[in-house]
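Asks: Once you've had a glance at the structure underneath, I'll fire off some questions.
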Amino acid sequence: MALETAKKREVLEPRREPYWHKVGVGKHLGYRRTQSGGSWLAKHYDSATRKRQYLALTDVADTKPAYQFEAAVKAANAWFERLQRGGNCSSVTVADAIERYIDHQQKRKGAAAAADAASRYRRHIQHDAIAGIELSKLRKGHLIAWRERLSQKPSAQPKRGPLCRTKTPLPPAKDRTPASINRDMVTLRAALNLAADDGFAPDPTIWRSALKPIEGATRRRDLYLDRDQRRTLLDALPDDCAAFARGLCLLPLRPGALASLTVADFNQRSGSL
């Protein structure tokens, strides 16, 4: 069927069944004529499996009618090429990709890694416009715009526990540092990489440049208290806080790791923690 020009498409009779134009073996471009215009779709037939797959080319509607055929052919060929590489034809959004990544982290690295990815997803992606974009329609501009929105968000506001008796005002939230931006981009970049490996995303180069880490963002921490300074600090702290700080001085642990220890973590026979 001749679909190359807008005039040829305008004379077609409106109907539910698309008019098909063959673009290759087992590859067809379709145009569904309606009373108000028309829409484009692609059809792929695998002779080995006798399986037909369809894809709605929704982005083509934004193109001027005179150039829609060329745009539709380009979009359809990109989809055909992805299928030939073993890609998946399912419609997957950025949010879907991250949820798959969280599940992947849970199975491969445990609950802590999954919880970290889920937390960054809720704070920076779940309610952002990028969450609903399908991976097949994801463009570099979407990622650059999300990264800009992320960089403009302040760091998390300090919090106090429900039993804290301190009444002084909390310090204001600080601007997000380059190191913080790098950490928050990891979840999205890793989720998109996993989706590409599984055949859901067409072109990994889109985000590898847009989500490239900021160079020189991580700096070494060269401020440490010497032994006399640590002793002065411990003497000035309340007894319960001093016990915790003393543990940090003696053990190479992060504060959160030390706080989560229980008696069961200590092996008295071997003297090991």
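All residue names refer to the structure tokens as shown: chains lettered A, B, ... in order, residues numbered from 1 in each chain, ligands numbered from 1 in order.
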Set the distance at 12 Å and use only C-alpha atoms: which residues neighbour A:Leu234 once local chain neighbours fewer than 2 positions away are removed? I'd like the list as an NGL selection string.
Replies: :A and (225 or 227-232 or 236-249)
Asks: Residues near A:Arg176, anyone? I mean within 12 Å using only C-alpha atoms, not counting same-chain ones fewer than 4 positions away, as number ranges by chain.
Replies: A: 147-157, 180-184, 217
Asks: Would you save the residues of that selection, restricted to C-alpha atoms, as a PDB file, in the first residue's frame?
Replies:
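Output (part.pdb):
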```pdb
ATOM      1  CA  ARG A 147      19.969  15.542  36.221  1.00  0.00           C
ATOM      2  CA  GLU A 148      19.542  19.318  36.318  1.00  0.00           C
ATOM      3  CA  ARG A 149      16.482  18.986  38.563  1.00  0.00           C
ATOM      4  CA  LEU A 150      18.424  16.642  40.825  1.00  0.00           C
ATOM      5  CA  SER A 151      21.368  19.046  41.128  1.00  0.00           C
ATOM      6  CA  GLN A 152      19.026  21.872  42.158  1.00  0.00           C
ATOM      7  CA  LYS A 153      17.439  19.892  44.993  1.00  0.00           C
ATOM      8  CA  PRO A 154      18.913  20.629  48.438  1.00  0.00           C
ATOM      9  CA  SER A 155      20.427  17.867  50.513  1.00  0.00           C
ATOM     10  CA  ALA A 156      18.170  16.034  52.959  1.00  0.00           C
ATOM     11  CA  GLN A 157      17.108  18.181  55.909  1.00  0.00           C
ATOM     12  CA  SER A 180      25.928  13.475  46.388  1.00  0.00           C
ATOM     13  CA  ILE A 181      24.746  13.922  42.789  1.00  0.00           C
ATOM     14  CA  ASN A 182      27.010  11.071  41.692  1.00  0.00           C
ATOM     15  CA  ARG A 183      25.611   8.747  44.372  1.00  0.00           C
ATOM     16  CA  ASP A 184      22.006   9.581  43.504  1.00  0.00           C
ATOM     17  CA  ALA A 217      33.666  14.939  43.107  1.00  0.00           C
TER      18      ALA A 217
END
```
Asks: One decimal, in Å: what's the spacing between atom CA of A:Arg52 and atom CA of A:Lys22?
Replies: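 Separation between atom CA of A:Arg52 and atom CA of A:Lys22: 14.4 Å.
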Asks: Give me, as a compact mmCIF listing (two decimals) with all heavy atoms, in the first residue's frame, all polymer residues having an atom no more than 10 Å from A:Asp46, counting only C-alpha atoms and skipping those fewer than 3 positions away in the same chain.
Replies:
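Okay, result25.txt is ready:
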```
# COMPACT_ATOMS: atom_id res chain seq x y z
N VAL A 25 11.51 -8.39 4.84
CA VAL A 25 10.97 -9.72 5.06
C VAL A 25 10.43 -9.83 6.47
O VAL A 25 11.18 -9.69 7.45
CB VAL A 25 12.05 -10.80 4.82
CG1 VAL A 25 11.48 -12.19 5.08
CG2 VAL A 25 12.58 -10.71 3.39
N GLY A 26 9.14 -10.06 6.60
CA GLY A 26 8.52 -10.15 7.91
C GLY A 26 8.39 -8.82 8.62
O GLY A 26 8.07 -8.78 9.81
N LYS A 27 8.59 -7.71 7.90
CA LYS A 27 8.56 -6.38 8.51
C LYS A 27 7.58 -5.49 7.74
O LYS A 27 7.72 -5.32 6.52
CB LYS A 27 9.95 -5.74 8.50
CG LYS A 27 11.02 -6.59 9.16
CD LYS A 27 12.41 -5.99 8.96
CE LYS A 27 13.49 -6.89 9.53
NZ LYS A 27 14.85 -6.35 9.28
N THR A 49 9.30 -18.90 14.64
CA THR A 49 8.38 -19.12 15.75
C THR A 49 6.92 -18.87 15.38
O THR A 49 6.02 -19.15 16.17
CB THR A 49 8.75 -18.20 16.93
OG1 THR A 49 8.62 -16.83 16.51
CG2 THR A 49 10.18 -18.45 17.38
N ARG A 50 6.70 -18.31 14.16
CA ARG A 50 5.37 -17.94 13.70
C ARG A 50 4.69 -16.97 14.67
O ARG A 50 3.49 -17.02 14.90
CB ARG A 50 4.49 -19.19 13.51
CG ARG A 50 4.99 -20.13 12.44
CD ARG A 50 4.03 -21.29 12.22
NE ARG A 50 4.52 -22.16 11.16
CZ ARG A 50 3.86 -23.25 10.73
NH1 ARG A 50 2.70 -23.57 11.29
NH2 ARG A 50 4.37 -23.99 9.76
N LYS A 51 5.48 -16.09 15.19
CA LYS A 51 4.99 -15.12 16.17
C LYS A 51 4.94 -13.73 15.55
O LYS A 51 5.90 -13.28 14.94
CB LYS A 51 5.89 -15.11 17.41
CG LYS A 51 5.45 -14.17 18.50
CD LYS A 51 6.39 -14.24 19.70
CE LYS A 51 5.96 -13.29 20.80
NZ LYS A 51 6.89 -13.35 21.97
N ARG A 52 3.81 -13.05 15.75
CA ARG A 52 3.66 -11.66 15.29
C ARG A 52 3.73 -10.71 16.48
O ARG A 52 3.13 -10.98 17.52
CB ARG A 52 2.34 -11.48 14.56
CG ARG A 52 2.30 -12.11 13.18
CD ARG A 52 0.97 -11.83 12.48
NE ARG A 52 0.96 -12.32 11.11
CZ ARG A 52 0.67 -13.57 10.77
NH1 ARG A 52 0.34 -14.45 11.71
NH2 ARG A 52 0.69 -13.93 9.49
N GLN A 53 4.45 -9.63 16.31
CA GLN A 53 4.56 -8.62 17.34
C GLN A 53 4.25 -7.25 16.75
O GLN A 53 4.60 -6.97 15.59
CB GLN A 53 5.98 -8.61 17.95
CG GLN A 53 6.36 -9.94 18.59
CD GLN A 53 7.75 -9.90 19.18
OE1 GLN A 53 7.95 -9.40 20.28
NE2 GLN A 53 8.73 -10.43 18.47
N LEU A 83 14.66 -6.06 17.98
CA LEU A 83 14.13 -7.42 18.08
C LEU A 83 15.13 -8.43 17.54
O LEU A 83 15.29 -9.51 18.11
CB LEU A 83 12.82 -7.51 17.29
CG LEU A 83 11.61 -6.77 17.87
CD1 LEU A 83 10.41 -6.94 16.96
CD2 LEU A 83 11.29 -7.25 19.28
N GLN A 84 15.84 -8.09 16.47
CA GLN A 84 16.82 -9.00 15.90
C GLN A 84 18.01 -9.22 16.83
O GLN A 84 18.66 -10.27 16.79
CB GLN A 84 17.29 -8.49 14.54
CG GLN A 84 16.23 -8.56 13.46
CD GLN A 84 16.69 -7.97 12.14
OE1 GLN A 84 17.71 -7.26 12.08
NE2 GLN A 84 15.94 -8.23 11.08
```
Asks: Compile the contact shell of A:Ala42 as a PyMOL selection string: residues with an atom at most 6 Å away, counting only C-alpha atoms, same-chain residues fewer than 2 positions apart removed.
Replies: chain A and resi 28-30+54-55+76
